[in-house]
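Reproduced below: entry04.pdb, with PDB, C-alpha atoms.
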```pdb
ATOM      1  CA  MET A   1     -28.979   0.176 -12.525
ATOM      2  CA  ASN A   2     -26.723   2.076 -14.906
ATOM      3  CA  THR A   3     -25.748   0.385 -18.149
ATOM      4  CA  TRP A   4     -23.238   1.124 -20.903
ATOM      5  CA  LYS A   5     -23.831   4.309 -22.959
ATOM      6  CA  ASN A   6     -26.619   5.446 -20.622
ATOM      7  CA  ILE A   7     -26.326   9.248 -20.480
ATOM      8  CA  MET A   8     -29.680   9.877 -18.781
ATOM      9  CA  THR A   9     -31.024   8.995 -15.350
ATOM     10  CA  GLN A  10     -31.880   5.454 -14.337
ATOM     11  CA  ASP A  11     -35.443   4.189 -14.763
ATOM     12  CA  ALA A  12     -37.643   5.470 -11.941
ATOM     13  CA  ASN A  13     -38.723   2.887  -9.357
ATOM     14  CA  SER A  14     -40.569   5.307  -7.073
ATOM     15  CA  PRO A  15     -43.095   8.153  -7.489
ATOM     16  CA  LEU A  16     -40.512  10.611  -6.167
ATOM     17  CA  MET A  17     -37.951   9.684  -8.821
ATOM     18  CA  GLU A  18     -40.650  10.007 -11.508
ATOM     19  CA  GLN A  19     -41.310  13.573 -10.358
ATOM     20  CA  LEU A  20     -37.569  14.347 -10.319
ATOM     21  CA  ILE A  21     -37.258  13.150 -13.927
ATOM     22  CA  PHE A  22     -40.304  15.224 -14.967
ATOM     23  CA  PHE A  23     -38.743  18.310 -13.367
ATOM     24  CA  HIS A  24     -35.398  17.616 -15.049
ATOM     25  CA  ASP A  25     -37.056  17.384 -18.479
ATOM     26  CA  HIS A  26     -39.142  20.514 -17.778
ATOM     27  CA  THR A  27     -36.024  22.524 -16.860
ATOM     28  CA  ILE A  28     -34.028  21.205 -19.826
ATOM     29  CA  MET A  29     -36.792  22.353 -22.220
ATOM     30  CA  ILE A  30     -36.711  25.865 -20.716
ATOM     31  CA  LEU A  31     -32.912  25.993 -21.004
ATOM     32  CA  LEU A  32     -33.134  24.777 -24.601
ATOM     33  CA  MET A  33     -35.568  27.564 -25.509
ATOM     34  CA  ILE A  34     -33.365  30.196 -23.822
ATOM     35  CA  THR A  35     -30.233  28.895 -25.582
ATOM     36  CA  THR A  36     -31.981  28.883 -28.965
ATOM     37  CA  ALA A  37     -33.339  32.421 -28.551
ATOM     38  CA  VAL A  38     -30.023  33.883 -27.363
ATOM     39  CA  THR A  39     -28.100  32.141 -30.165
ATOM     40  CA  TYR A  40     -30.539  33.454 -32.779
ATOM     41  CA  ILE A  41     -30.305  37.031 -31.428
ATOM     42  CA  MET A  42     -26.482  36.944 -31.342
ATOM     43  CA  MET A  43     -26.240  35.549 -34.870
ATOM     44  CA  SER A  44     -28.728  38.077 -36.270
ATOM     45  CA  MET A  45     -26.849  40.980 -34.613
ATOM     46  CA  MET A  46     -23.560  39.820 -36.147
ATOM     47  CA  MET A  47     -25.008  39.217 -39.598
ATOM     48  CA  ASN A  48     -27.207  42.275 -40.260
ATOM     49  CA  LYS A  49     -26.034  45.741 -41.338
ATOM     50  CA  PHE A  50     -28.745  47.782 -39.581
ATOM     51  CA  ILE A  51     -27.626  50.889 -37.645
ATOM     52  CA  ASN A  52     -29.407  53.782 -35.954
ATOM     53  CA  ARG A  53     -27.238  56.657 -34.672
ATOM     54  CA  PHE A  54     -30.163  58.286 -32.871
ATOM     55  CA  LEU A  55     -31.296  55.238 -30.858
ATOM     56  CA  LEU A  56     -30.697  56.185 -27.216
ATOM     57  CA  GLU A  57     -33.340  54.130 -25.376
ATOM     58  CA  GLY A  58     -36.075  51.578 -25.917
ATOM     59  CA  GLN A  59     -38.174  51.349 -22.767
ATOM     60  CA  THR A  60     -40.561  48.719 -24.101
ATOM     61  CA  MET A  61     -37.710  46.435 -25.073
ATOM     62  CA  GLU A  62     -35.929  47.044 -21.748
ATOM     63  CA  PHE A  63     -39.115  46.191 -19.849
ATOM     64  CA  ILE A  64     -39.481  42.934 -21.787
ATOM     65  CA  TRP A  65     -35.893  41.762 -21.326
ATOM     66  CA  THR A  66     -36.096  42.578 -17.600
ATOM     67  CA  SER A  67     -39.458  40.962 -16.846
ATOM     68  CA  LEU A  68     -39.138  37.880 -19.083
ATOM     69  CA  PRO A  69     -36.243  36.287 -17.116
ATOM     70  CA  ALA A  70     -38.200  36.799 -13.880
ATOM     71  CA  VAL A  71     -41.214  34.983 -15.351
ATOM     72  CA  ILE A  72     -39.005  32.158 -16.629
ATOM     73  CA  LEU A  73     -37.404  31.779 -13.175
ATOM     74  CA  MET A  74     -40.878  31.438 -11.643
ATOM     75  CA  PHE A  75     -41.628  28.542 -14.017
ATOM     76  CA  ILE A  76     -38.505  26.809 -12.650
ATOM     77  CA  ALA A  77     -38.773  27.840  -8.979
ATOM     78  CA  LEU A  78     -42.400  26.833  -8.317
ATOM     79  CA  PRO A  79     -42.090  23.173  -9.434
ATOM     80  CA  SER A  80     -38.732  22.995  -7.644
ATOM     81  CA  LEU A  81     -40.232  24.144  -4.328
ATOM     82  CA  HIS A  82     -43.167  21.753  -4.776
ATOM     83  CA  LEU A  83     -40.710  18.888  -5.261
ATOM     84  CA  LEU A  84     -38.637  19.891  -2.222
ATOM     85  CA  TYR A  85     -41.733  19.679  -0.019
ATOM     86  CA  LEU A  86     -42.659  16.301  -1.539
ATOM     87  CA  ILE A  87     -39.203  14.940  -0.703
ATOM     88  CA  ASP A  88     -39.580  15.902   2.975
ATOM     89  CA  GLU A  89     -43.175  14.666   3.249
ATOM     90  CA  MET A  90     -43.762  11.614   5.438
ATOM     91  CA  ASN A  91     -47.008   9.847   4.484
ATOM     92  CA  ASN A  92     -48.000   7.492   7.328
ATOM     93  CA  PRO A  93     -45.275   4.866   6.860
ATOM     94  CA  LEU A  94     -46.296   1.244   7.358
ATOM     95  CA  MET A  95     -42.805   0.152   8.417
ATOM     96  CA  THR A  96     -39.437   1.583   9.407
ATOM     97  CA  VAL A  97     -35.952   0.439   8.437
ATOM     98  CA  LYS A  98     -32.737   1.796   9.917
ATOM     99  CA  ALA A  99     -29.531   1.883   7.845
ATOM    100  CA  ILE A 100     -26.252   2.453   9.704
ATOM    101  CA  GLY A 101     -23.026   3.190   7.848
ATOM    102  CA  HIS A 102     -19.735   1.691   9.032
ATOM    103  CA  GLN A 103     -16.215   1.626   7.642
ATOM    104  CA  TRP A 104     -16.874   0.009   5.168
ATOM    105  CA  TYR A 105     -20.207  -1.788   5.177
ATOM    106  CA  TRP A 106     -23.874  -1.134   5.941
ATOM    107  CA  SER A 107     -25.978  -2.651   8.698
ATOM    108  CA  TYR A 108     -29.789  -2.741   8.624
ATOM    109  CA  GLU A 109     -32.314  -2.957  11.445
ATOM    110  CA  TYR A 110     -36.013  -3.699  10.907
ATOM    111  CA  SER A 111     -37.184  -2.035  14.095
ATOM    112  CA  ASP A 112     -40.858  -3.013  13.673
ATOM    113  CA  PHE A 113     -39.955  -6.709  13.991
ATOM    114  CA  ASN A 114     -38.086  -8.699  16.604
ATOM    115  CA  ASN A 115     -34.402  -9.563  16.118
ATOM    116  CA  ILE A 116     -34.139  -8.722  12.425
ATOM    117  CA  GLU A 117     -30.832  -6.985  11.877
ATOM    118  CA  PHE A 118     -27.856  -7.888   9.712
ATOM    119  CA  ASP A 119     -24.685  -6.516   8.125
ATOM    120  CA  SER A 120     -24.286  -6.088   4.380
ATOM    121  CA  TYR A 121     -20.771  -6.435   2.935
ATOM    122  CA  MET A 122     -19.630  -6.253  -0.665
ATOM    123  CA  LYS A 123     -19.151  -9.697  -2.197
ATOM    124  CA  PRO A 124     -15.552 -10.508  -3.180
ATOM    125  CA  THR A 125     -15.027 -11.127  -6.895
ATOM    126  CA  ASN A 126     -14.107 -14.789  -6.386
ATOM    127  CA  GLU A 127     -17.470 -15.482  -4.675
ATOM    128  CA  LEU A 128     -19.698 -13.956  -7.363
ATOM    129  CA  LYS A 129     -22.255 -16.042  -9.247
ATOM    130  CA  ASN A 130     -22.733 -15.730 -13.009
ATOM    131  CA  ASN A 131     -25.713 -13.380 -12.680
ATOM    132  CA  GLU A 132     -24.111 -11.026 -10.135
ATOM    133  CA  PHE A 133     -22.221  -7.790 -10.767
ATOM    134  CA  ARG A 134     -18.690  -7.057  -9.648
ATOM    135  CA  LEU A 135     -18.180  -4.390  -6.916
ATOM    136  CA  ILE A 136     -21.919  -3.695  -6.433
ATOM    137  CA  GLU A 137     -23.219  -7.058  -5.188
ATOM    138  CA  VAL A 138     -23.606  -7.725  -1.449
ATOM    139  CA  ASP A 139     -23.853 -10.831   0.695
ATOM    140  CA  ASN A 140     -27.084  -9.725   2.439
ATOM    141  CA  ARG A 141     -29.545  -7.682   0.405
ATOM    142  CA  MET A 142     -31.986  -5.225   1.926
ATOM    143  CA  ILE A 143     -35.408  -6.873   1.404
ATOM    144  CA  LEU A 144     -38.341  -4.448   1.117
ATOM    145  CA  PRO A 145     -42.004  -4.916   0.137
ATOM    146  CA  MET A 146     -43.257  -3.163  -2.998
ATOM    147  CA  ASN A 147     -46.193  -0.704  -3.017
ATOM    148  CA  THR A 148     -45.621   0.017   0.673
ATOM    149  CA  GLN A 149     -44.848   3.368   2.267
ATOM    150  CA  ILE A 150     -41.539   2.882   4.098
ATOM    151  CA  ARG A 151     -39.614   5.214   6.363
ATOM    152  CA  ILE A 152     -35.841   4.814   6.320
ATOM    153  CA  LEU A 153     -33.683   6.167   9.130
ATOM    154  CA  VAL A 154     -30.024   6.707   8.271
ATOM    155  CA  SER A 155     -27.112   7.188  10.652
ATOM    156  CA  ALA A 156     -23.420   6.313  10.919
ATOM    157  CA  ALA A 157     -21.279   4.652  13.568
ATOM    158  CA  ASP A 158     -17.899   6.185  12.748
ATOM    159  CA  VAL A 159     -17.481   8.762   9.943
ATOM    160  CA  LEU A 160     -19.711  10.511   7.404
ATOM    161  CA  HIS A 161     -21.409   8.239   4.869
ATOM    162  CA  SER A 162     -24.269   8.781   2.421
ATOM    163  CA  TRP A 163     -27.000   6.237   1.642
ATOM    164  CA  ALA A 164     -27.783   6.727  -2.056
ATOM    165  CA  MET A 165     -30.200   4.839  -4.302
ATOM    166  CA  PRO A 166     -30.472   6.619  -7.696
ATOM    167  CA  SER A 167     -33.449   4.673  -9.078
ATOM    168  CA  LEU A 168     -35.496   5.694  -6.006
ATOM    169  CA  GLY A 169     -34.334   9.311  -6.092
ATOM    170  CA  MET A 170     -32.824   9.055  -2.616
ATOM    171  CA  LYS A 171     -29.568  10.318  -1.148
ATOM    172  CA  ILE A 172     -29.488  10.662   2.637
ATOM    173  CA  ASP A 173     -26.421  11.694   4.632
ATOM    174  CA  ALA A 174     -25.360   9.279   7.357
ATOM    175  CA  THR A 175     -23.920  11.412  10.159
ATOM    176  CA  PRO A 176     -22.527  10.047  13.461
ATOM    177  CA  GLY A 177     -24.753  11.066  16.366
ATOM    178  CA  ARG A 178     -27.645  12.147  14.111
ATOM    179  CA  ILE A 179     -30.552  10.345  12.458
ATOM    180  CA  ASN A 180     -31.815  11.531   9.083
ATOM    181  CA  GLN A 181     -35.002  10.151   7.649
ATOM    182  CA  GLY A 182     -36.486   9.626   4.214
ATOM    183  CA  SER A 183     -39.627   8.159   2.727
ATOM    184  CA  LEU A 184     -39.754   5.683  -0.128
ATOM    185  CA  LYS A 185     -42.331   3.651  -2.016
ATOM    186  CA  ILE A 186     -41.128   1.071  -4.518
ATOM    187  CA  LEU A 187     -43.421   0.632  -7.515
ATOM    188  CA  ARG A 188     -42.256  -2.717  -8.894
ATOM    189  CA  PRO A 189     -40.342  -5.841  -7.866
ATOM    190  CA  GLY A 190     -36.694  -6.224  -8.776
ATOM    191  CA  LEU A 191     -33.145  -5.344  -7.772
ATOM    192  CA  MET A 192     -31.897  -1.797  -7.217
ATOM    193  CA  TYR A 193     -28.237  -0.879  -6.808
ATOM    194  CA  GLY A 194     -26.639   2.070  -5.053
ATOM    195  CA  GLN A 195     -23.429   3.028  -3.282
ATOM    196  CA  CYS A 196     -22.103   5.219  -0.497
ATOM    197  CA  SER A 197     -21.904   8.757  -1.896
ATOM    198  CA  GLU A 198     -19.721  10.432   0.717
ATOM    199  CA  ILE A 199     -15.953   9.914   0.722
ATOM    200  CA  CYS A 200     -15.478   7.949   3.937
ATOM    201  CA  GLY A 201     -12.006   6.488   3.757
ATOM    202  CA  ILE A 202      -9.817   4.123   1.810
ATOM    203  CA  ASN A 203     -12.593   1.604   1.004
ATOM    204  CA  HIS A 204     -15.298   4.157   0.231
ATOM    205  CA  SER A 205     -15.761   2.644  -3.235
ATOM    206  CA  PHE A 206     -16.496  -0.788  -1.806
ATOM    207  CA  MET A 207     -19.641  -0.407   0.308
ATOM    208  CA  PRO A 208     -22.512  -0.932  -2.152
ATOM    209  CA  ILE A 209     -26.240  -0.989  -1.407
ATOM    210  CA  VAL A 210     -28.619  -3.541  -2.919
ATOM    211  CA  ILE A 211     -32.384  -3.440  -2.405
ATOM    212  CA  GLU A 212     -34.498  -6.421  -3.404
ATOM    213  CA  SER A 213     -38.119  -5.388  -3.852
ATOM    214  CA  VAL A 214     -40.599  -8.241  -3.417
ATOM    215  CA  PRO A 215     -44.395  -8.640  -3.100
ATOM    216  CA  ILE A 216     -45.746  -8.271   0.416
ATOM    217  CA  SER A 217     -46.471 -12.021   0.704
ATOM    218  CA  THR A 218     -42.858 -12.877  -0.141
ATOM    219  CA  PHE A 219     -41.666 -10.269   2.370
ATOM    220  CA  ILE A 220     -43.756 -11.856   5.138
ATOM    221  CA  LYS A 221     -42.304 -15.297   4.309
ATOM    222  CA  TRP A 222     -38.800 -13.808   4.491
ATOM    223  CA  LEU A 223     -39.608 -12.335   7.912
ATOM    224  CA  ASN A 224     -40.779 -15.726   9.186
ATOM    225  CA  GLN A 225     -37.567 -17.403   8.042
TER     226      GLN A 225
END
```
Final structure tokens representation of the file:
Amino acid sequence: MNTWKNIMTQDANSPLMEQLIFFHDHTIMILLMITTAVTYIMMSMMMNKFINRFLLEGQTMEFIWTSLPAVILMFIALPSLHLLYLIDEMNNPLMTVKAIGHQWYWSYEYSDFNNIEFDSYMKPTNELKNNEFRLIEVDNRMILPMNTQIRILVSAADVLHSWAMPSLGMKIDATPGRINQGSLKILRPGLMYGQCSEICGINHSFMPIVIESVPISTFIKWLNQ
């Protein structure tokens, strides 16, 4: 989850988020090189006293400053397209979970198992324990096994919502009458926090998402309970 003075992304908990962070760093390095080069050229043009009255064209220079941006854009576009296809890829999921947005709570259905569905409301401040966080803790967490390919289906019962989990690199629109899907694989056990990311009414700020990632054996015990 986000902490104080954290100006970068959250720690990646899925392979997809790792790739998103790699692409972010790759693009930032390219932008840094472009900014440095342009700043140097502008400063040198303002500082020097060189002049040439007879300079009318420079075809070599014009070819370079036309072709170089195109090459740089290819270095950004190709990894971006690769990542877009990875996000939409569905790799033989072992289980499916359905998340349904309501005003203003989430409900979850584990459709591969019998009678496992529950609602997840934000915990009021006066019911919080000492180790729980205000406004982002829920009464029923979404329990998922780690190192398992999971398909998540997202829809809404009333208005537009958005199921967002930053540490997994996921943000899926919840649209009434439609089902959107995503694929996730959690790399380590722990708690992950997210929130609805689509303005959905007066209590939009108060419908958090909490995923508890557990080993597969613990998940099976939870199912049996």
**Message:** Excluding A:Met146 and its own-chain neighbours fewer than 5 positions away, which residues fall within 12 Å of it when counting all atoms listed in the file? Please give them as number ranges by chain.
**Reply:** A: 13-14, 94-95, 184-191, 211-220
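Between A:Phe113 and the residues A:Ser205, A:Thr36, A:Thr125, A:Thr96, the shortest atom-to-atom distance, using all atoms listed in the file, involves A:Thr96.
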**Target residues per the PyMOL selection byres ((chain A and resi 112) around 12), formatted as a PyMOL selection string** = chain A and resi 93-98+109-111+113-117+150-152+223
**Message:** My list of candidates is A:Met142, A:Ile100, A:Cys200, A:Val71. Which is closest to A:Ile172 when distances are computed with only C-alpha atoms?
**Reply:** A:Ile100
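Using all atoms listed in the file for every distance, the candidate list A:Tyr85, A:Phe133, A:Phe54, A:Tyr105 yields A:Tyr105 as the residue closest to A:Cys196.
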**Prompt:** Care to translate the PyMOL selection byres ((chain A and resi 73-84) around 12) into actual residues of this file, as a ChimeraX atom specification?
**Reply:** /A:15-31,34,66-72,85-89,169
